[in-house]
$ cat structure_29.pdb   # PDB, C-alpha atoms
ATOM      1  CA  MET H 220     189.419 117.420  59.274
ATOM      2  CA  PRO H 221     189.971 121.078  58.311
ATOM      3  CA  ASP H 222     187.403 123.621  59.452
ATOM      4  CA  ILE H 223     184.684 123.398  56.789
ATOM      5  CA  THR H 224     184.823 127.150  56.156
ATOM      6  CA  LEU H 225     188.581 127.005  55.612
ATOM      7  CA  PHE H 226     188.217 123.933  53.403
ATOM      8  CA  PHE H 227     186.146 125.921  50.907
ATOM      9  CA  LEU H 228     187.804 129.302  51.461
ATOM     10  CA  LEU H 229     191.483 128.364  51.154
ATOM     11  CA  PRO H 230     191.457 127.352  47.449
ATOM     12  CA  GLY H 231     190.178 130.837  46.630
ATOM     13  CA  ILE H 232     192.969 132.344  48.712
ATOM     14  CA  ALA H 233     195.524 130.123  46.967
ATOM     15  CA  PHE H 234     194.174 131.192  43.576
ATOM     16  CA  THR H 235     194.124 134.927  44.246
ATOM     17  CA  SER H 236     197.395 135.046  46.206
ATOM     18  CA  THR H 237     199.177 133.228  43.379
ATOM     19  CA  ILE H 238     197.913 135.842  40.924
ATOM     20  CA  LEU H 239     199.244 138.568  43.239
ATOM     21  CA  PHE H 240     202.626 136.877  43.725
ATOM     22  CA  ALA H 241     202.912 136.218  39.977
ATOM     23  CA  SER H 242     202.184 139.875  39.188
ATOM     24  CA  ILE H 243     204.912 140.964  41.590
ATOM     25  CA  TRP H 244     207.379 138.439  40.188
ATOM     26  CA  LYS H 245     206.584 139.451  36.612
ATOM     27  CA  SER H 246     207.553 143.058  37.399
ATOM     28  CA  ILE H 247     210.760 141.921  39.093
ATOM     29  CA  ALA H 248     211.695 139.552  36.249
ATOM     30  CA  LEU H 249     211.112 142.205  33.584
ATOM     31  CA  HIS H 250     213.111 144.775  35.560
ATOM     32  CA  TYR H 251     216.128 142.476  35.936
ATOM     33  CA  GLY H 252     215.864 140.778  32.552
ATOM     34  CA  ILE H 253     215.032 137.307  33.904
ATOM     35  CA  ALA H 254     213.406 136.103  30.719
ATOM     36  CA  SER H 255     213.459 133.312  28.161
ATOM     37  CA  THR H 256     214.768 134.200  24.718
ATOM     38  CA  PRO H 257     213.905 132.139  21.616
ATOM     39  CA  ASN H 258     216.214 129.311  20.494
ATOM     40  CA  HIS H 259     215.965 126.087  18.450
ATOM     41  CA  ARG H 260     214.109 124.293  21.282
ATOM     42  CA  THR H 261     211.647 126.950  22.376
ATOM     43  CA  LEU H 262     208.091 127.202  21.085
ATOM     44  CA  HIS H 263     207.661 130.958  21.384
ATOM     45  CA  ALA H 264     208.918 134.220  19.941
ATOM     46  CA  GLY H 265     210.212 137.123  22.010
ATOM     47  CA  ALA H 266     211.494 137.389  25.565
ATOM     48  CA  ILE H 267     209.054 136.198  28.248
ATOM     49  CA  PRO H 268     209.633 136.323  32.045
ATOM     50  CA  VAL H 269     210.585 132.966  33.582
ATOM     51  CA  GLY H 270     210.549 131.602  37.114
ATOM     52  CA  GLY H 271     206.853 132.329  37.624
ATOM     53  CA  GLY H 272     206.453 128.968  39.334
ATOM     54  CA  ILE H 273     207.732 130.594  42.517
ATOM     55  CA  ALA H 274     204.323 132.298  42.745
ATOM     56  CA  ILE H 275     202.580 128.903  42.820
ATOM     57  CA  VAL H 276     204.900 127.712  45.569
ATOM     58  CA  MET H 277     204.302 130.865  47.619
ATOM     59  CA  GLY H 278     200.531 130.633  47.168
ATOM     60  CA  TRP H 279     200.613 126.997  48.259
ATOM     61  CA  ILE H 280     202.873 127.654  51.251
ATOM     62  CA  LEU H 281     200.659 130.527  52.425
ATOM     63  CA  THR H 282     197.489 128.451  52.410
ATOM     64  CA  ALA H 283     199.144 125.247  53.651
ATOM     65  CA  SER H 284     200.427 127.284  56.614
ATOM     66  CA  ILE H 285     196.836 128.210  57.443
ATOM     67  CA  LEU H 286     195.929 124.507  57.306
ATOM     68  CA  LEU H 287     198.775 123.767  59.712
ATOM     69  CA  TRP H 288     197.577 126.536  62.052
ATOM     70  CA  ASP H 289     194.115 124.936  61.952
ATOM     71  CA  GLY H 290     195.642 121.585  62.912
ATOM     72  CA  ALA H 291     194.344 119.987  59.701
ATOM     73  CA  ILE H 292     197.634 118.573  58.380
ATOM     74  CA  ASN H 293     200.549 116.603  59.784
ATOM     75  CA  PRO H 294     203.305 119.033  60.872
ATOM     76  CA  SER H 295     206.008 116.650  59.607
ATOM     77  CA  ILE H 296     204.502 116.649  56.112
ATOM     78  CA  TYR H 297     204.313 120.447  56.206
ATOM     79  CA  ILE H 298     207.936 120.856  57.372
ATOM     80  CA  GLY H 299     209.177 118.340  54.803
ATOM     81  CA  LEU H 300     207.466 120.042  51.882
ATOM     82  CA  LEU H 301     207.970 123.610  53.117
ATOM     83  CA  VAL H 302     211.721 123.327  53.638
ATOM     84  CA  GLY H 303     212.578 120.629  51.078
ATOM     85  CA  GLY H 304     210.226 121.885  48.380
ATOM     86  CA  GLY H 305     210.864 125.535  49.138
ATOM     87  CA  PHE H 306     214.637 125.024  48.993
ATOM     88  CA  MET H 307     214.417 123.235  45.648
ATOM     89  CA  SER H 308     212.080 125.897  44.280
ATOM     90  CA  VAL H 309     214.501 128.680  45.222
ATOM     91  CA  ILE H 310     217.376 126.781  43.587
ATOM     92  CA  GLY H 311     215.142 126.361  40.524
ATOM     93  CA  LEU H 312     214.433 130.092  40.525
ATOM     94  CA  ILE H 313     218.160 130.862  40.649
ATOM     95  CA  ASP H 314     218.677 128.415  37.785
ATOM     96  CA  ASP H 315     215.938 130.140  35.788
ATOM     97  CA  ALA H 316     217.825 133.403  36.286
ATOM     98  CA  ILE H 317     221.496 132.424  35.799
ATOM     99  CA  ASP H 318     221.678 128.771  34.595
ATOM    100  CA  LEU H 319     223.287 126.713  37.361
ATOM    101  CA  SER H 320     225.430 123.684  36.573
ATOM    102  CA  ALA H 321     223.729 120.302  36.255
ATOM    103  CA  ARG H 322     225.796 118.926  39.159
ATOM    104  CA  LEU H 323     224.776 121.713  41.517
ATOM    105  CA  LYS H 324     221.112 121.284  40.619
ATOM    106  CA  LEU H 325     221.332 117.519  41.144
ATOM    107  CA  LEU H 326     222.942 118.043  44.546
ATOM    108  CA  ALA H 327     220.160 120.459  45.528
ATOM    109  CA  HIS H 328     217.523 117.980  44.391
ATOM    110  CA  ILE H 329     219.144 115.188  46.412
ATOM    111  CA  VAL H 330     219.310 117.368  49.536
ATOM    112  CA  GLY H 331     215.674 118.455  49.187
ATOM    113  CA  THR H 332     214.533 114.889  48.538
ATOM    114  CA  LEU H 333     216.391 113.426  51.537
ATOM    115  CA  TRP H 334     215.066 116.182  53.785
ATOM    116  CA  CYS H 335     211.533 115.433  52.690
ATOM    117  CA  LEU H 336     211.910 111.680  53.100
ATOM    118  CA  TYR H 337     213.316 112.169  56.606
ATOM    119  CA  TRP H 338     210.387 114.304  57.741
ATOM    120  CA  PHE H 339     207.892 111.952  56.104
ATOM    121  CA  GLY H 340     209.476 109.110  58.081
ATOM    122  CA  GLY H 341     210.993 107.357  55.095
ATOM    123  CA  VAL H 342     208.895 104.732  53.357
ATOM    124  CA  PRO H 343     206.877 102.897  56.037
ATOM    125  CA  PRO H 344     205.507  99.368  55.595
ATOM    126  CA  PHE H 345     202.675  99.178  53.070
ATOM    127  CA  ASP H 346     200.442  96.731  51.265
ATOM    128  CA  PHE H 347     201.122  96.169  47.559
ATOM    129  CA  LEU H 348     198.935  93.827  45.518
ATOM    130  CA  GLY H 349     198.005  92.003  48.701
ATOM    131  CA  LEU H 350     201.605  91.630  49.846
ATOM    132  CA  ALA H 351     202.963  93.262  53.000
ATOM    133  CA  VAL H 352     206.106  95.208  52.058
ATOM    134  CA  ASN H 353     208.521  96.632  54.629
ATOM    135  CA  PRO H 354     211.263  98.485  52.711
ATOM    136  CA  GLY H 355     213.239  99.544  55.794
ATOM    137  CA  TRP H 356     216.392 101.554  55.104
ATOM    138  CA  ILE H 357     216.484 100.433  51.467
ATOM    139  CA  GLY H 358     213.335 102.487  50.971
ATOM    140  CA  TYR H 359     215.367 105.704  51.129
ATOM    141  CA  PRO H 360     217.539 105.159  48.019
ATOM    142  CA  ILE H 361     214.688 103.544  46.085
ATOM    143  CA  ALA H 362     212.253 106.347  46.901
ATOM    144  CA  GLY H 363     215.004 108.912  46.303
ATOM    145  CA  ILE H 364     215.670 107.625  42.797
ATOM    146  CA  ILE H 365     211.948 107.587  42.003
ATOM    147  CA  ILE H 366     211.524 111.164  43.245
ATOM    148  CA  LEU H 367     214.552 112.413  41.291
ATOM    149  CA  TRP H 368     213.096 110.749  38.202
ATOM    150  CA  MET H 369     209.704 112.387  38.842
ATOM    151  CA  ILE H 370     211.386 115.777  39.176
ATOM    152  CA  ASN H 371     212.752 115.312  35.663
ATOM    153  CA  LEU H 372     209.395 114.098  34.331
ATOM    154  CA  PHE H 373     207.558 117.180  35.548
ATOM    155  CA  ASN H 374     210.376 119.391  34.309
ATOM    156  CA  PHE H 375     210.035 117.807  30.838
ATOM    157  CA  MET H 376     206.333 118.749  30.775
ATOM    158  CA  ASP H 377     207.063 122.451  31.162
ATOM    159  CA  GLY H 378     207.556 123.055  27.440
ATOM    160  CA  ALA H 379     204.329 124.547  26.084
ATOM    161  CA  ASP H 380     202.049 127.341  27.250
ATOM    162  CA  GLY H 381     199.717 126.191  30.021
ATOM    163  CA  MET H 382     200.803 122.550  29.801
ATOM    164  CA  LEU H 383     202.311 121.734  33.196
ATOM    165  CA  ALA H 384     200.075 124.085  35.189
ATOM    166  CA  SER H 385     196.950 122.530  33.651
ATOM    167  CA  CYS H 386     198.270 118.995  34.252
ATOM    168  CA  ILE H 387     198.911 119.816  37.920
ATOM    169  CA  SER H 388     195.462 121.389  38.196
ATOM    170  CA  PHE H 389     193.930 118.148  36.903
ATOM    171  CA  ILE H 390     196.044 115.922  39.157
ATOM    172  CA  GLY H 391     195.302 118.044  42.235
ATOM    173  CA  ILE H 392     191.538 118.173  41.726
ATOM    174  CA  SER H 393     191.238 114.503  40.761
ATOM    175  CA  MET H 394     193.403 112.985  43.483
ATOM    176  CA  GLY H 395     192.032 115.435  46.030
ATOM    177  CA  GLY H 396     188.585 114.098  45.159
ATOM    178  CA  PHE H 397     189.648 110.467  45.571
ATOM    179  CA  LEU H 398     191.252 111.270  48.927
ATOM    180  CA  LEU H 399     188.008 112.926  50.023
ATOM    181  CA  LEU H 400     186.227 109.674  49.216
ATOM    182  CA  GLU H 401     188.782 107.930  51.445
ATOM    183  CA  GLY H 402     188.162 110.411  54.262
ATOM    184  CA  ASP H 403     191.695 111.857  54.059
ATOM    185  CA  TYR H 404     190.726 115.526  54.290
ATOM    186  CA  GLY H 405     194.184 116.896  55.123
ATOM    187  CA  ASN H 406     196.014 115.501  52.100
ATOM    188  CA  ALA H 407     192.976 116.232  49.917
ATOM    189  CA  ALA H 408     193.188 119.869  50.999
ATOM    190  CA  LEU H 409     196.907 120.039  50.152
ATOM    191  CA  LEU H 410     196.161 118.806  46.634
ATOM    192  CA  PHE H 411     193.209 121.156  46.154
ATOM    193  CA  LEU H 412     195.464 124.051  47.178
ATOM    194  CA  VAL H 413     198.223 123.169  44.705
ATOM    195  CA  SER H 414     195.549 122.857  42.021
ATOM    196  CA  ALA H 415     194.042 126.238  42.892
ATOM    197  CA  ALA H 416     197.481 127.895  42.944
ATOM    198  CA  SER H 417     198.273 126.371  39.538
ATOM    199  CA  MET H 418     195.003 127.729  38.158
ATOM    200  CA  GLY H 419     195.970 131.157  39.447
ATOM    201  CA  PHE H 420     199.230 130.899  37.543
ATOM    202  CA  LEU H 421     197.339 129.939  34.390
ATOM    203  CA  VAL H 422     196.096 133.542  34.284
ATOM    204  CA  PHE H 423     199.636 134.330  33.084
ATOM    205  CA  ASN H 424     200.631 131.006  31.552
ATOM    206  CA  TRP H 425     197.564 130.136  29.473
ATOM    207  CA  PRO H 426     198.325 130.370  25.712
ATOM    208  CA  PRO H 427     199.650 132.763  24.644
ATOM    209  CA  ALA H 428     201.727 132.847  27.833
ATOM    210  CA  SER H 429     202.964 136.110  29.313
ATOM    211  CA  MET H 430     205.081 134.258  31.882
ATOM    212  CA  PHE H 431     206.773 130.842  32.093
ATOM    213  CA  MET H 432     206.822 128.551  35.119
ATOM    214  CA  GLY H 433     210.451 127.452  34.907
ATOM    215  CA  ASP H 434     212.275 125.147  37.305
ATOM    216  CA  ALA H 435     210.994 127.234  40.233
ATOM    217  CA  GLY H 436     207.657 125.450  39.804
ATOM    218  CA  SER H 437     208.391 122.191  38.003
ATOM    219  CA  VAL H 438     210.932 120.856  40.534
ATOM    220  CA  PHE H 439     208.533 121.664  43.377
ATOM    221  CA  PHE H 440     205.809 119.607  41.712
ATOM    222  CA  GLY H 441     208.320 116.852  41.037
ATOM    223  CA  LEU H 442     208.897 116.578  44.783
ATOM    224  CA  LEU H 443     205.388 117.259  46.105
ATOM    225  CA  ILE H 444     203.488 114.781  43.923
ATOM    226  CA  PRO H 445     205.627 111.652  44.610
ATOM    227  CA  MET H 446     205.848 112.509  48.325
ATOM    228  CA  LEU H 447     202.057 112.717  48.513
ATOM    229  CA  ILE H 448     201.832 109.469  46.559
ATOM    230  CA  ILE H 449     204.069 107.783  49.136
ATOM    231  CA  SER H 450     202.238 109.219  52.152
ATOM    232  CA  THR H 451     198.743 108.452  50.842
ATOM    233  CA  VAL H 452     199.305 105.018  49.295
ATOM    234  CA  VAL H 453     200.728 103.767  52.596
ATOM    235  CA  VAL H 454     197.343 104.451  54.196
ATOM    236  CA  HIS H 455     195.095 103.995  51.149
ATOM    237  CA  SER H 456     196.695 101.169  49.164
ATOM    238  CA  ALA H 457     193.748 101.075  46.746
ATOM    239  CA  LEU H 458     194.860 104.459  45.374
ATOM    240  CA  PHE H 459     198.196 103.223  43.976
ATOM    241  CA  TRP H 460     196.944 102.424  40.468
ATOM    242  CA  ILE H 461     194.641 105.441  40.528
ATOM    243  CA  TRP H 462     197.620 107.737  41.128
ATOM    244  CA  ILE H 463     199.372 106.131  38.134
ATOM    245  CA  ILE H 464     196.306 106.568  35.920
ATOM    246  CA  ILE H 465     195.650 110.177  36.954
ATOM    247  CA  CYS H 466     199.328 111.083  36.388
ATOM    248  CA  GLY H 467     199.224 108.963  33.244
ATOM    249  CA  TYR H 468     199.791 111.594  30.570
ATOM    250  CA  VAL H 469     202.800 113.106  32.342
ATOM    251  CA  LEU H 470     204.315 109.677  33.006
ATOM    252  CA  THR H 471     203.618 108.263  29.543
ATOM    253  CA  ASP H 472     204.631 111.121  27.236
ATOM    254  CA  THR H 473     207.913 111.685  29.049
ATOM    255  CA  THR H 474     208.855 108.028  29.568
ATOM    256  CA  THR H 475     207.945 107.017  26.006
ATOM    257  CA  THR H 476     210.024 109.890  24.659
ATOM    258  CA  LEU H 477     213.058 108.941  26.738
ATOM    259  CA  ILE H 478     212.913 105.257  25.779
ATOM    260  CA  LEU H 479     212.518 105.972  22.058
ATOM    261  CA  ARG H 480     215.316 108.536  22.102
ATOM    262  CA  LEU H 481     217.514 106.024  23.888
ATOM    263  CA  ILE H 482     216.862 103.537  21.071
ATOM    264  CA  PHE H 483     216.860 105.778  18.004
ATOM    265  CA  VAL H 484     218.623 109.077  18.763
ATOM    266  CA  ARG H 485     222.334 109.732  19.257
ATOM    267  CA  PRO H 486     223.336 111.458  21.464
ATOM    268  CA  PHE H 487     220.020 110.867  23.204
ATOM    269  CA  LEU H 488     220.657 113.324  26.059
ATOM    270  CA  ASP H 489     220.947 116.365  23.790
ATOM    271  CA  ALA H 490     218.355 119.129  24.226
ATOM    272  CA  HIS H 491     215.275 118.451  22.092
ATOM    273  CA  ARG H 492     211.560 118.999  21.568
ATOM    274  CA  HIS H 493     210.626 115.400  20.822
ATOM    275  CA  HIS H 494     207.827 115.077  23.385
ATOM    276  CA  ALA H 495     204.521 114.577  21.632
ATOM    277  CA  TYR H 496     202.989 117.760  22.986
ATOM    278  CA  GLN H 497     206.108 119.763  22.008
ATOM    279  CA  SER H 498     206.199 118.352  18.503
ATOM    280  CA  LEU H 499     202.484 119.001  17.991
ATOM    281  CA  ALA H 500     202.747 122.555  19.310
ATOM    282  CA  HIS H 501     205.744 123.283  17.086
ATOM    283  CA  ARG H 502     204.109 121.868  13.967
ATOM    284  CA  SER H 503     200.766 123.544  14.508
ATOM    285  CA  GLY H 504     202.022 126.739  16.094
ATOM    286  CA  ASP H 505     198.949 126.506  18.327
ATOM    287  CA  HIS H 506     199.764 125.908  21.996
ATOM    288  CA  ARG H 507     196.152 126.382  23.037
ATOM    289  CA  HIS H 508     194.913 123.501  20.870
ATOM    290  CA  VAL H 509     197.638 121.147  22.116
ATOM    291  CA  THR H 510     197.088 122.029  25.775
ATOM    292  CA  LEU H 511     193.321 121.588  25.382
ATOM    293  CA  THR H 512     193.926 118.219  23.696
ATOM    294  CA  VAL H 513     195.964 116.991  26.670
ATOM    295  CA  ILE H 514     193.335 118.311  29.093
ATOM    296  CA  ALA H 515     190.672 116.408  27.107
ATOM    297  CA  ILE H 516     192.735 113.194  27.268
ATOM    298  CA  GLN H 517     192.998 113.551  31.030
ATOM    299  CA  VAL H 518     189.384 114.511  31.739
ATOM    300  CA  LEU H 519     187.575 112.357  29.165
ATOM    301  CA  TRP H 520     189.837 109.296  29.155
ATOM    302  CA  LEU H 521     192.030 108.991  32.252
ATOM    303  CA  LEU H 522     189.553 110.245  34.867
ATOM    304  CA  PRO H 523     186.676 107.890  33.889
ATOM    305  CA  ILE H 524     189.046 104.904  33.936
ATOM    306  CA  ALA H 525     190.379 105.997  37.337
ATOM    307  CA  LEU H 526     186.804 106.212  38.642
ATOM    308  CA  LEU H 527     186.033 102.760  37.255
ATOM    309  CA  THR H 528     189.174 101.371  38.898
ATOM    310  CA  TYR H 529     188.141 102.893  42.222
ATOM    311  CA  TRP H 530     184.588 101.541  42.048
ATOM    312  CA  VAL H 531     185.582  98.061  40.911
ATOM    313  CA  GLY H 532     188.345  97.832  43.496
ATOM    314  CA  ALA H 533     190.274  95.210  41.559
ATOM    315  CA  TYR H 534     192.244  94.675  38.333
ATOM    316  CA  GLY H 535     194.071  97.963  38.846
ATOM    317  CA  ALA H 536     197.036  96.860  36.741
ATOM    318  CA  ILE H 537     194.756  95.890  33.849
ATOM    319  CA  PHE H 538     192.857  99.189  33.972
ATOM    320  CA  THR H 539     196.166 101.054  34.102
ATOM    321  CA  PHE H 540     197.361  99.263  30.975
ATOM    322  CA  ILE H 541     194.092 100.078  29.201
ATOM    323  CA  ALA H 542     194.445 103.731  30.231
ATOM    324  CA  LEU H 543     198.090 104.215  29.262
ATOM    325  CA  ALA H 544     198.485 102.038  26.146
ATOM    326  CA  PRO H 545     196.710 104.443  23.747
ATOM    327  CA  ILE H 546     198.636 107.401  25.209
ATOM    328  CA  THR H 547     201.885 105.508  24.644
ATOM    329  CA  VAL H 548     200.983 105.053  20.985
ATOM    330  CA  PHE H 549     199.894 108.693  20.730
ATOM    331  CA  SER H 550     203.139 109.905  22.338
ATOM    332  CA  ALA H 551     205.381 107.726  20.169
ATOM    333  CA  LYS H 552     203.589 108.515  16.898
ATOM    334  CA  ASN H 553     203.408 112.270  17.459
ATOM    335  CA  GLY H 554     206.731 112.639  19.236
ATOM    336  CA  VAL H 555     210.058 110.909  18.559
ATOM    337  CA  LEU H 556     208.882 108.716  15.680
ATOM    338  CA  HIS H 557     207.482 111.721  13.822
ATOM    339  CA  GLU H 558     210.571 113.846  14.447
ATOM    340  CA  ILE H 559     213.021 111.192  13.187
ATOM    341  CA  GLY H 560     210.764 109.835  10.444
TER     342      GLY H 560
END
$ encode --input "structure_29.pdb" --output "structure tokens"
Amino acid sequence: MPDITLFFLLPGIAFTSTILFASIWKSIALHYGIASTPNHRTLHAGAIPVGGGIAIVMGWILTASILLWDGAINPSIYIGLLVGGGFMSVIGLIDDAIDLSARLKLLAHIVGTLWCLYWFGGVPPFDFLGLAVNPGWIGYPIAGIIILWMINLFNFMDGADGMLASCISFIGISMGGFLLLEGDYGNAALLFLVSAASMGFLVFNWPPASMFMGDAGSVFFGLLIPMLIISTVVVHSALFWIWIIICGYVLTDTTTTLILRLIFVRPFLDAHRHHAYQSLAHRSGDHRHVTLTVIAIQVLWLLPIALLTYWVGAYGAIFTFIALAPITVFSAKNGVLHEIG
């Protein structure tokens, strides 16, 4: 368990250090013209600095390093996320600045993912719905595909002021709380720190945003969250459905949008703003209202169902369906179906 003083002190350090790092990056980005300019997909007017997610990563790395020094976290988890996540974040930052090719980005994501899986020890045997599962070597490609998919999901959510940073803040606080209940203080601390760092970034990213996260932050989250899911569910199998519920809005809006575009839109891979939150923000011109709506869905709908699932200890799949079905309808109605209707 982390030193109790550190446990309460480090989130504040993550929050304030992220604000400092973001301020420094904002000056650098403005000086070198690393900014987003309006186009047919964007939901803002005027040039705004991008790549601010690197500040979140730096704030998290700083405080996670203190946890490692305190002996509170597994060194292999730290090395996996520090090197794999840090590498992918830097590649994302370069992409934010100069637009790398899709192939190069995919290669970087694969390298970062494999590095992380190696240091996490692959996918060890785990219990799923009462069945003992030992994935062995096949766990690497399966987990790799899932992580690469999650990287895209989190990247898709970075399309409105405050959206992804607030979603990560919610996921970090909520799952950190559940892990505390399970007595897993190290992983809980890692999630509280990423939440605190994200909140620090919201000082700049809250609507109307003065800085965008970019791939520098979204790809890091897309690696960190599934890796922590893998490492925690192996030990705490009861948290599998709770992870799905807590990440429910991110998973549902993005997946529903992709499936409906695959069915109704040609070519479906073209750049778009068909996600429900994007469509709502574009129509209303009010990012704050849309971001607050998603926060309300997570706090008032998903979190209570996750708590009920944890307390009942059974019927996780049924509770997950109850939690995600209305969001699926919401995402379809306000996203792709509205845009093509």
$ closest_residue --input "structure_29.pdb" --among "H:Phe234, H:Val548, H:Met446, H:Met307" --to "Val342 in chain H" --atoms "only C-alpha atoms"
H:Met446
$ atom_distance --input "structure_29.pdb" --atom1 "CA of Ile232 in chain H" --atom2 "CA of Val276 in chain H"
13.2 Å
$ residues_around --input "structure_29.pdb" --residues "range 369-381 of chain H" --least-positions-apart "3" --cutoff "7 Å" --atoms "all atoms listed in the file" --output "list in words"
Leu262, Ile365, Ile366, Ala384, Ser385, Leu421, Asn424, Trp425, Pro426, Pro427, Ala428, Asp434, Ser437, Val438, Phe440, Gly441, Leu442, Val469, Leu470, Thr473, Gln497, His506 and Thr510 of chain H
$ axis_aligned_box --input "structure_29.pdb" --around "range 526-535 of chain H" --padding-each-side "5 Å" --output "lines of an AutoDock Vina configuration file"
center_x = 189.3
center_y = 100.4
center_z = 40.4
size_x = 19.5
size_y = 21.5
size_z = 16.2
$ residues_around --input "structure_29.pdb" --residues "Phe240 in chain H" --least-positions-apart "3" --cutoff "9 Å" --atoms "all atoms listed in the file" --output "mmCIF file with C-alpha atoms, in the coordinates of the input"
data_model
loop_
_atom_site.group_PDB
_atom_site.id
_atom_site.type_symbol
_atom_site.label_atom_id
_atom_site.label_comp_id
_atom_site.auth_asym_id
_atom_site.auth_seq_id
_atom_site.Cartn_x
_atom_site.Cartn_y
_atom_site.Cartn_z
ATOM 1 C CA THR H 235 194.124 134.927 44.246
ATOM 2 C CA SER H 236 197.395 135.046 46.206
ATOM 3 C CA THR H 237 199.177 133.228 43.379
ATOM 4 C CA ILE H 243 204.912 140.964 41.590
ATOM 5 C CA TRP H 244 207.379 138.439 40.188
ATOM 6 C CA LYS H 245 206.584 139.451 36.612
ATOM 7 C CA GLY H 271 206.853 132.329 37.624
ATOM 8 C CA ILE H 273 207.732 130.594 42.517
ATOM 9 C CA ALA H 274 204.323 132.298 42.745
ATOM 10 C CA ILE H 275 202.580 128.903 42.820
ATOM 11 C CA MET H 277 204.302 130.865 47.619
ATOM 12 C CA GLY H 278 200.531 130.633 47.168
#
$ closest_atom_pairs --input "structure_29.pdb" --of "range 333-430 of chain H" --to "range 293-304 of chain H" --cutoff "6 Å" --atoms "all atoms listed in the file" --output "tab-separated table"
residue	atom	partner	partner_atom	distance
H:Trp334	CA	H:Gly303	CA	5.8
H:Cys335	CA	H:Gly299	CA	4.3
H:Trp338	CA	H:Gly299	CA	5.1
H:Phe339	CA	H:Ile296	CA	5.8
$ atom_distance --input "structure_29.pdb" --atom1 "CA of Ile463 in chain H" --atom2 "CA of Thr451 in chain H"
12.9 Å
$ residues_around --input "structure_29.pdb" --residues "Val484 in chain H" --least-positions-apart "6" --cutoff "12 Å" --atoms "only C-alpha atoms" --output "list of chain:residue names"
H:Thr476, H:Leu477, H:Ile478, H:Ala490, H:His491, H:His493, H:Val555, H:Leu556, H:Glu558, H:Ile559, H:Gly560
$ atom_distance --input "structure_29.pdb" --atom1 "CA of Cys386 in chain H" --atom2 "CA of Leu319 in chain H"
26.4 Å
$ resolve_selection --input "structure_29.pdb" --expression "the PyMOL selection byres ((chain H and resi 464) around 10)" --output "ChimeraX atom specification"
/H:390,458-463,465-471,517,520-526,528,535-536,538-543
$ closest_residue --input "structure_29.pdb" --among "H:Val454, H:Ala435, H:Leu228, H:Ala515" --to "Asp403 in chain H" --atoms "all atoms listed in the file"
H:Val454
$ closest_residue --input "structure_29.pdb" --among "H:Ile253, H:Leu336, H:Ala283, H:Leu325" --to "Ile449 in chain H" --atoms "only C-alpha atoms"
H:Leu336
$ closest_residue --input "structure_29.pdb" --among "H:Leu443, H:Val531, H:Leu383, H:Leu398" --to "His455 in chain H" --atoms "all atoms listed in the file"
H:Leu398
$ resolve_selection --input "structure_29.pdb" --expression "the PyMOL selection byres ((chain H and resi 343) around 10)" --output "MDAnalysis selection string"
chainID H and resid 339:342 344:345 352:356 358 449:450 453:454
$ build_atoms --input "structure_29.pdb" --residues "range 362-373 of chain H" --atoms "N, CA and C atoms" --output "PDB file, in the frame of the given file"
ATOM      1  N   ALA H 362     213.170 105.215  46.998  1.00  0.00           N
ATOM      2  CA  ALA H 362     212.253 106.347  46.901  1.00  0.00           C
ATOM      3  C   ALA H 362     212.973 107.582  46.368  1.00  0.00           C
ATOM      4  N   GLY H 363     214.233 107.765  46.776  1.00  0.00           N
ATOM      5  CA  GLY H 363     215.004 108.912  46.303  1.00  0.00           C
ATOM      6  C   GLY H 363     215.176 108.901  44.800  1.00  0.00           C
ATOM      7  N   ILE H 364     215.494 107.742  44.251  1.00  0.00           N
ATOM      8  CA  ILE H 364     215.670 107.625  42.797  1.00  0.00           C
ATOM      9  C   ILE H 364     214.353 107.901  42.077  1.00  0.00           C
ATOM     10  N   ILE H 365     213.262 107.362  42.617  1.00  0.00           N
ATOM     11  CA  ILE H 365     211.948 107.587  42.003  1.00  0.00           C
ATOM     12  C   ILE H 365     211.599 109.073  42.016  1.00  0.00           C
ATOM     13  N   ILE H 366     211.852 109.738  43.143  1.00  0.00           N
ATOM     14  CA  ILE H 366     211.524 111.164  43.245  1.00  0.00           C
ATOM     15  C   ILE H 366     212.379 111.986  42.289  1.00  0.00           C
ATOM     16  N   LEU H 367     213.684 111.685  42.219  1.00  0.00           N
ATOM     17  CA  LEU H 367     214.552 112.413  41.291  1.00  0.00           C
ATOM     18  C   LEU H 367     214.085 112.210  39.849  1.00  0.00           C
ATOM     19  N   TRP H 368     213.628 111.016  39.540  1.00  0.00           N
ATOM     20  CA  TRP H 368     213.096 110.749  38.202  1.00  0.00           C
ATOM     21  C   TRP H 368     211.827 111.570  37.967  1.00  0.00           C
ATOM     22  N   MET H 369     210.948 111.628  38.984  1.00  0.00           N
ATOM     23  CA  MET H 369     209.704 112.387  38.842  1.00  0.00           C
ATOM     24  C   MET H 369     209.989 113.874  38.677  1.00  0.00           C
ATOM     25  N   ILE H 370     211.017 114.372  39.344  1.00  0.00           N
ATOM     26  CA  ILE H 370     211.386 115.777  39.176  1.00  0.00           C
ATOM     27  C   ILE H 370     211.695 116.056  37.715  1.00  0.00           C
ATOM     28  N   ASN H 371     212.435 115.146  37.083  1.00  0.00           N
ATOM     29  CA  ASN H 371     212.752 115.312  35.663  1.00  0.00           C
ATOM     30  C   ASN H 371     211.510 115.193  34.794  1.00  0.00           C
ATOM     31  N   LEU H 372     210.614 114.272  35.131  1.00  0.00           N
ATOM     32  CA  LEU H 372     209.395 114.098  34.331  1.00  0.00           C
ATOM     33  C   LEU H 372     208.556 115.373  34.319  1.00  0.00           C
ATOM     34  N   PHE H 373     208.363 115.956  35.488  1.00  0.00           N
ATOM     35  CA  PHE H 373     207.558 117.180  35.548  1.00  0.00           C
ATOM     36  C   PHE H 373     208.279 118.336  34.888  1.00  0.00           C
TER      37      PHE H 373
END
